[in-house]
Amino acid sequence: MMMKSRPQMFAPSKSGMLARRDRTADSREAGAAAVPKFRPIHTRRAFEEICERIREQLALGVLKPGDKLPPERDLAQQLGVSRNVLREALRSLEMAGVLRLRKGVKGGAFVREGDTGRMDLVMRDMLSLGTISVRELSEARIDVLELVVRLACSNGKPVDFDALEANIERTELATQEGRLLDRVECSREFYKLLAVATGNKVIAMILDSVTEIHMRFVYAKVVSSGVAMARLVETRRKFLTALRARNAATASRLMRTHLESVQRMLEQDPGAMSLRVALAEMQPGMRP
């Protein structure tokens, strides 16, 4: 009996199949590192939406520092959320330094003036995560202070210079009485006053954050060795004289020389420059 012939199928040769298989494997191997992996998409959580709505009101100027948000029950109804979800959002904004939550009859959620100290926590977190190093922090502080000195020379007011002079007097008294930890606190205050003299709040925030951490190293050095920078008061007075004269070049040179001396002093004691010191809480007595 005659068999119907089937259409001829042209099967690739064994060598051709191997060649294609090799090319496919090579392309996968070459592109393996570039293939992204995507996580499932989730809708934004309700408390995040609430935070965004409140921040929008701040940006529009509807809410201002010192303003009190509507009562919890009213605000939850306006937003169409449960009071538990609202509380979660309010706590999140409190942690971010946007709101202050008060309890009691006269309590509620109040818009804060702005907590510049939050940047200190950000810096500490970045140190913990290894995003920035102690060396980078020190270098940045020197460069930022050079800008601060120039701005203070241009924008500083007599009242700013008088505040710095009063600080130097307190530093001298603490030095004479051997209160070295109080002298560290005076140094911390000195840089805050210098930052105010710039008239630039952004620069002041940056300087405050790096100074806050740097003072931890200085504090650790003083505690471990019982010694502090020699001729600090003399250096401060020369610097203030240049600042009052609006001599930015001299003031910048004096500041950089001082900061480099402090850095050398700290580097002689590896323990004082450890990451553990930067992230540790200050001991009682650091601040008055």
# chains A, B, ... in the order shown; residues from 1 in each chain; ligands from 1
>>> residues_around(residues="segment 235-247 of chain A", least_positions_apart="6", cutoff="7 Å", atoms="only C-alpha atoms", output="compact mmCIF listing (two decimals) with N, CA, C and O atoms, in the first residue's frame")
# COMPACT_ATOMS: atom_id res chain seq x y z
N CYS A 153 32.88 87.19 57.59
CA CYS A 153 33.58 88.46 57.37
C CYS A 153 32.71 89.45 56.60
O CYS A 153 32.73 90.65 56.85
N SER A 154 31.93 88.92 55.65
CA SER A 154 31.08 89.79 54.83
C SER A 154 29.78 90.16 55.52
O SER A 154 29.33 91.32 55.45
N PHE A 161 29.93 89.44 66.54
CA PHE A 161 31.32 89.47 67.00
C PHE A 161 31.40 89.59 68.52
O PHE A 161 32.28 89.00 69.15
N ILE A 168 34.83 83.61 73.95
CA ILE A 168 36.28 83.49 74.18
C ILE A 168 36.60 83.75 75.65
O ILE A 168 37.48 83.10 76.24
N LEU A 254 44.12 81.65 59.64
CA LEU A 254 44.18 81.30 61.06
C LEU A 254 43.27 80.11 61.39
O LEU A 254 43.64 79.21 62.15
>>> closest_residue(among="A:Met265, A:Ile213, A:Ala248, A:Leu63", to="Asp120 of chain A", atoms="only C-alpha atoms")
A:Ile213
>>> residues_around(residues="Arg87 of chain A", least_positions_apart="2", cutoff="12 Å", atoms="only C-alpha atoms", output="list in words")
Ala46, Phe47, Glu48, Ile50, Cys51, Pro71, Glu72, Arg73, Leu75, Ala76, Val81, Ser82, Arg83, Asn84, Val85, Ala89, Leu90, Arg91, Ser92, Leu93, Glu94, Leu99, Leu101, Gly108 and Ala109 of chain A
>>> select_by_dssp(residues="segment 93-231 of chain A", states="strand (DSSP E)", output="PyMOL selection string")
chain A and resi 99-102+108-111
>>> atom_distance(atom1="atom CA of Leu259 of chain A", atom2="atom CA of Asp162 of chain A")
22.4 Å
>>> residues_around(residues="Leu232 of chain A", least_positions_apart="5", cutoff="9 Å", atoms="only C-alpha atoms", output="list in words")
Thr171, Glu172, Arg237 and His258 of chain A
>>> atom_distance(atom1="atom CA of Pro65 of chain A", atom2="atom CA of Lys103 of chain A")
18.4 Å
>>> residues_around(residues="Ala140 of chain A", least_positions_apart="6", cutoff="12 Å", atoms="only C-alpha atoms", output="PyMOL selection string")
chain A and resi 132-134+146-147+206-207+209-211+214+259
>>> closest_residue(among="A:Val148, A:Val122, A:Ala249, A:Cys186", to="Met215 of chain A", atoms="only C-alpha atoms")
A:Cys186
>>> atom_distance(atom1="atom CA of Gly199 of chain A", atom2="atom CA of Asp160 of chain A")
10.0 Å
>>> residues_around(residues="Val222 of chain A", least_positions_apart="6", cutoff="8 Å", atoms="only C-alpha atoms", output="PyMOL selection string")
chain A and resi 180-181+228
>>> select_by_dssp(residues="segment 171-282 of chain A", states="alpha helix (DSSP H)", output="count of residues only")
87
